[in-house]
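Please read the structure below before turning to the comments.
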Amino acid sequence: MTVPEPVKGLVLAGGQSRRMGSDKASLERDGETQLDRAMRILGARLDDVFVSTHPSQLDDPLRSRHEQIVDRYDDLGPIAGILSAMDEHPDAAWLVLACDLPNIDEETIGYLLDKASAEHPATAYVSVNDGLPEPLCAVYRPTFRPVIERYVAEGVKCPRKMLINSPTCLLEQPKPGALHNINTPDDLHGTGITLATQ
């Protein structure tokens, strides 16, 4: 790792999964939920990994198996989880990962950690679809917090817009397709993922 701060992991699992119609964190492949898989992959490289949850999910059996950071902000989407993690450990850099990336792997995470920039407040992959930053598999350093606060004050909640308009170190993906996400039941076709039975 090249950033000077300790890096902690944060798996974002506080969403409502409205388009999927089922909790995306609980979707399963080969008997392992997407949340458990994301936590395992981050845990292979990081000592401290947390799951970001909405207050209403605090007692959820799936999430409560892991150490949680509960959102302290309302109506901010993924930014609520990132800010809450920064509140909890303000001196850490955060590798933030969405729980709905079925193709994420240790190589993609390892490359991001190894190439995370000490000169930029954030490091993110470039999307293979549109060439824009991928905000939900990225490293956010403590120096990115003022950026978030400034945009939130202006009514901007989209982390991608924040990365686009900030000094962000952008990396090419070592395995294109690793950051393909799933949002609707149609996205599950061909992934081997099934709706959880729990």
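Residues are named by chain letter and number: chains run A, B, ... in the order of the structure tokens, numbers start at 1 in each chain, and ligands are numbered from 1 in the order shown.
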
(request) Show which residues sit within 12 Å of Thr143 in chain A, as number ranges by chain. Count only C-alpha atoms, and ignore same-chain residues fewer than 2 positions away. (result) A: 3-5, 86, 90-94, 117-123, 139-141, 145-149, 166-168

(message) I need the residues of range 43-193 of chain A that end up classed as helix (DSSP H, G or I) by DSSP on the backbone, written out as a ChimeraX atom specification.
(response) /A:43,55-57,63-65,78-88,106-115,142-153,159-164,185-188

Selection from above, N, CA and C atoms, as a CSV table (one decimal), in the first residue's frame, can you write it?
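Output (part.csv):
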chain,number,residue,atom,x,y,z
A,43,GLY,N,-11.2,-8.9,3.7
A,43,GLY,CA,-10.5,-9.4,4.8
A,43,GLY,C,-9.2,-10.2,4.5
A,55,PRO,N,-29.6,2.2,10.0
A,55,PRO,CA,-30.1,1.9,11.4
A,55,PRO,C,-31.1,0.8,11.5
A,56,SER,N,-32.0,0.7,10.5
A,56,SER,CA,-33.1,-0.3,10.5
A,56,SER,C,-32.6,-1.7,10.3
A,57,GLN,N,-31.3,-1.8,9.9
A,57,GLN,CA,-30.7,-3.1,9.6
A,57,GLN,C,-29.8,-3.6,10.7
A,63,ARG,N,-26.2,-9.1,8.6
A,63,ARG,CA,-25.2,-8.0,8.9
A,63,ARG,C,-24.6,-8.1,10.3
A,64,SER,N,-25.4,-8.6,11.2
A,64,SER,CA,-24.9,-8.7,12.6
A,64,SER,C,-23.8,-9.7,12.8
A,65,ARG,N,-23.5,-10.5,11.8
A,65,ARG,CA,-22.4,-11.5,11.9
A,65,ARG,C,-21.1,-10.7,11.8
A,78,PRO,N,-24.9,6.2,-0.7
A,78,PRO,CA,-23.6,5.6,-0.3
A,78,PRO,C,-22.7,6.6,0.5
A,79,ILE,N,-22.9,7.9,0.3
A,79,ILE,CA,-22.1,8.9,1.0
A,79,ILE,C,-22.3,8.8,2.5
A,80,ALA,N,-23.6,8.4,2.9
A,80,ALA,CA,-23.8,8.3,4.3
A,80,ALA,C,-22.9,7.2,5.0
A,81,GLY,N,-22.7,6.1,4.3
A,81,GLY,CA,-21.8,5.1,4.8
A,81,GLY,C,-20.4,5.5,4.9
A,82,ILE,N,-19.9,6.2,3.8
A,82,ILE,CA,-18.5,6.7,3.8
A,82,ILE,C,-18.3,7.7,4.9
A,83,LEU,N,-19.2,8.7,5.0
A,83,LEU,CA,-19.0,9.7,6.0
A,83,LEU,C,-19.1,9.1,7.4
A,84,SER,N,-20.0,8.1,7.6
A,84,SER,CA,-20.1,7.5,9.0
A,84,SER,C,-18.8,6.8,9.3
A,85,ALA,N,-18.2,6.1,8.3
A,85,ALA,CA,-17.0,5.4,8.6
A,85,ALA,C,-15.9,6.4,8.9
A,86,MET,N,-15.8,7.5,8.2
A,86,MET,CA,-14.8,8.6,8.5
A,86,MET,C,-15.0,9.2,9.9
A,87,ASP,N,-16.3,9.3,10.3
A,87,ASP,CA,-16.6,9.7,11.7
A,87,ASP,C,-15.9,8.7,12.7
A,88,GLU,N,-16.1,7.4,12.4
A,88,GLU,CA,-15.7,6.4,13.3
A,88,GLU,C,-14.2,6.3,13.4
A,106,GLU,N,-10.0,-11.0,-5.5
A,106,GLU,CA,-8.9,-10.5,-4.7
A,106,GLU,C,-7.8,-9.8,-5.5
A,107,GLU,N,-7.7,-10.1,-6.8
A,107,GLU,CA,-6.7,-9.4,-7.6
A,107,GLU,C,-7.1,-8.0,-7.8
A,108,THR,N,-8.4,-7.7,-8.1
A,108,THR,CA,-8.9,-6.4,-8.3
A,108,THR,C,-8.7,-5.5,-7.0
A,109,ILE,N,-9.0,-6.1,-5.8
A,109,ILE,CA,-8.8,-5.4,-4.6
A,109,ILE,C,-7.3,-5.2,-4.3
A,110,GLY,N,-6.5,-6.2,-4.5
A,110,GLY,CA,-5.1,-6.1,-4.3
A,110,GLY,C,-4.4,-5.0,-5.1
A,111,TYR,N,-4.8,-5.0,-6.4
A,111,TYR,CA,-4.2,-4.0,-7.3
A,111,TYR,C,-4.6,-2.6,-6.8
A,112,LEU,N,-5.9,-2.4,-6.4
A,112,LEU,CA,-6.3,-1.1,-6.0
A,112,LEU,C,-5.5,-0.7,-4.7
A,113,LEU,N,-5.3,-1.6,-3.8
A,113,LEU,CA,-4.6,-1.2,-2.6
A,113,LEU,C,-3.1,-0.9,-2.9
A,114,ASP,N,-2.5,-1.7,-3.8
A,114,ASP,CA,-1.1,-1.5,-4.2
A,114,ASP,C,-0.9,-0.2,-4.9
A,115,LYS,N,-1.9,0.2,-5.6
A,115,LYS,CA,-1.7,1.4,-6.5
A,115,LYS,C,-2.3,2.7,-5.9
A,142,PRO,N,-8.4,10.4,4.3
A,142,PRO,CA,-9.0,11.4,5.1
A,142,PRO,C,-9.1,12.8,4.4
A,143,THR,N,-8.2,13.1,3.5
A,143,THR,CA,-8.2,14.3,2.8
A,143,THR,C,-9.4,14.5,1.9
A,144,PHE,N,-10.2,13.4,1.6
A,144,PHE,CA,-11.3,13.5,0.8
A,144,PHE,C,-12.6,13.9,1.5
A,145,ARG,N,-12.5,13.9,2.9
A,145,ARG,CA,-13.7,14.3,3.6
A,145,ARG,C,-14.1,15.7,3.4
A,146,PRO,N,-13.2,16.7,3.3
A,146,PRO,CA,-13.7,18.1,3.0
A,146,PRO,C,-14.3,18.2,1.6
A,147,VAL,N,-13.9,17.3,0.7
A,147,VAL,CA,-14.5,17.3,-0.6
A,147,VAL,C,-16.0,16.8,-0.5
A,148,ILE,N,-16.2,15.8,0.2
A,148,ILE,CA,-17.5,15.3,0.4
A,148,ILE,C,-18.4,16.3,1.1
A,149,GLU,N,-17.9,16.9,2.2
A,149,GLU,CA,-18.7,17.9,2.9
A,149,GLU,C,-19.1,19.1,2.0
A,150,ARG,N,-18.1,19.5,1.2
A,150,ARG,CA,-18.4,20.6,0.3
A,150,ARG,C,-19.5,20.3,-0.7
A,151,TYR,N,-19.5,19.1,-1.3
A,151,TYR,CA,-20.5,18.8,-2.3
A,151,TYR,C,-21.8,18.5,-1.6
A,152,VAL,N,-21.8,17.9,-0.5
A,152,VAL,CA,-23.1,17.6,0.2
A,152,VAL,C,-23.8,19.0,0.6
A,153,ALA,N,-23.0,20.0,1.0
A,153,ALA,CA,-23.5,21.3,1.3
A,153,ALA,C,-24.1,21.9,0.1
A,159,PRO,N,-21.4,10.1,-5.3
A,159,PRO,CA,-19.9,10.0,-5.1
A,159,PRO,C,-19.2,10.0,-6.5
A,160,ARG,N,-19.8,9.5,-7.5
A,160,ARG,CA,-19.1,9.6,-8.8
A,160,ARG,C,-18.9,11.0,-9.3
A,161,LYS,N,-19.9,11.9,-9.1
A,161,LYS,CA,-19.7,13.3,-9.4
A,161,LYS,C,-18.6,13.9,-8.6
A,162,MET,N,-18.5,13.5,-7.3
A,162,MET,CA,-17.4,14.0,-6.5
A,162,MET,C,-16.0,13.6,-7.0
A,163,LEU,N,-15.9,12.4,-7.4
A,163,LEU,CA,-14.6,11.9,-8.0
A,163,LEU,C,-14.3,12.6,-9.3
A,164,ILE,N,-15.3,12.7,-10.1
A,164,ILE,CA,-15.1,13.4,-11.4
A,164,ILE,C,-14.5,14.8,-11.3
A,185,PRO,N,-33.6,-8.2,-11.0
A,185,PRO,CA,-33.6,-9.6,-11.2
A,185,PRO,C,-33.0,-10.0,-12.6
A,186,ASP,N,-33.2,-9.2,-13.6
A,186,ASP,CA,-32.7,-9.6,-14.9
A,186,ASP,C,-31.2,-9.6,-14.9
A,187,ASP,N,-30.5,-8.8,-14.0
A,187,ASP,CA,-29.1,-8.8,-14.0
A,187,ASP,C,-28.5,-10.1,-13.4
A,188,LEU,N,-29.3,-10.9,-12.8
A,188,LEU,CA,-28.9,-12.2,-12.2
A,188,LEU,C,-28.6,-13.3,-13.2

Env of Asp105 in chain A: 12 Å cut, atoms = only C-alpha atoms, seq-sep filter 5 positions within chain, self excluded. Answer as an mmCIF file with C-alpha atoms, in the first residue's frame.
data_model
loop_
_atom_site.group_PDB
_atom_site.id
_atom_site.type_symbol
_atom_site.label_atom_id
_atom_site.label_comp_id
_atom_site.auth_asym_id
_atom_site.auth_seq_id
_atom_site.Cartn_x
_atom_site.Cartn_y
_atom_site.Cartn_z
ATOM 1 C CA GLN A 34 -22.750 -11.428 -1.587
ATOM 2 C CA ARG A 37 -18.104 -12.816 -0.065
ATOM 3 C CA ALA A 38 -17.233 -9.117 -0.138
ATOM 4 C CA MET A 39 -16.206 -9.215 3.526
ATOM 5 C CA ARG A 40 -14.050 -12.284 2.893
ATOM 6 C CA ILE A 41 -12.280 -10.745 -0.093
ATOM 7 C CA LEU A 42 -11.503 -7.507 1.750
ATOM 8 C CA GLY A 43 -10.483 -9.447 4.837
ATOM 9 C CA ALA A 44 -7.833 -11.296 2.813
ATOM 10 C CA ARG A 45 -5.921 -8.014 2.509
ATOM 11 C CA LEU A 97 -16.786 -1.695 -1.785
ATOM 12 C CA GLY A 110 -5.104 -6.095 -4.258
ATOM 13 C CA TYR A 111 -4.232 -3.979 -7.291
ATOM 14 C CA LEU A 112 -6.321 -1.082 -5.957
ATOM 15 C CA CYS A 137 -14.665 0.156 -5.403
ATOM 16 C CA GLN A 173 -9.056 -2.387 -14.195
ATOM 17 C CA PRO A 174 -6.725 -5.411 -14.234
ATOM 18 C CA LYS A 175 -9.756 -7.652 -14.868
ATOM 19 C CA PRO A 176 -12.400 -5.847 -16.938
ATOM 20 C CA GLY A 177 -15.847 -6.898 -15.805
ATOM 21 C CA ALA A 178 -14.872 -7.328 -12.153
ATOM 22 C CA LEU A 179 -16.961 -4.294 -11.231
ATOM 23 C CA HIS A 180 -20.133 -5.300 -13.063
#

(request) Go through chain A and collect every residue that DSSP, computed from the backbone, puts in strand (DSSP E); the answer should be as a count of residues only. (result) 41

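When only C-alpha atoms are used to measure the gap to Glu28 in chain A, the shortest distance among A:Leu170, A:Leu132, A:Leu95, A:Leu62 belongs to A:Leu62.
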
(message) Would you compute the distance between CA of Gln68 in chain A and CA of Ser52 in chain A? Give it in Å to one decimal.
(response) 5.9 Å
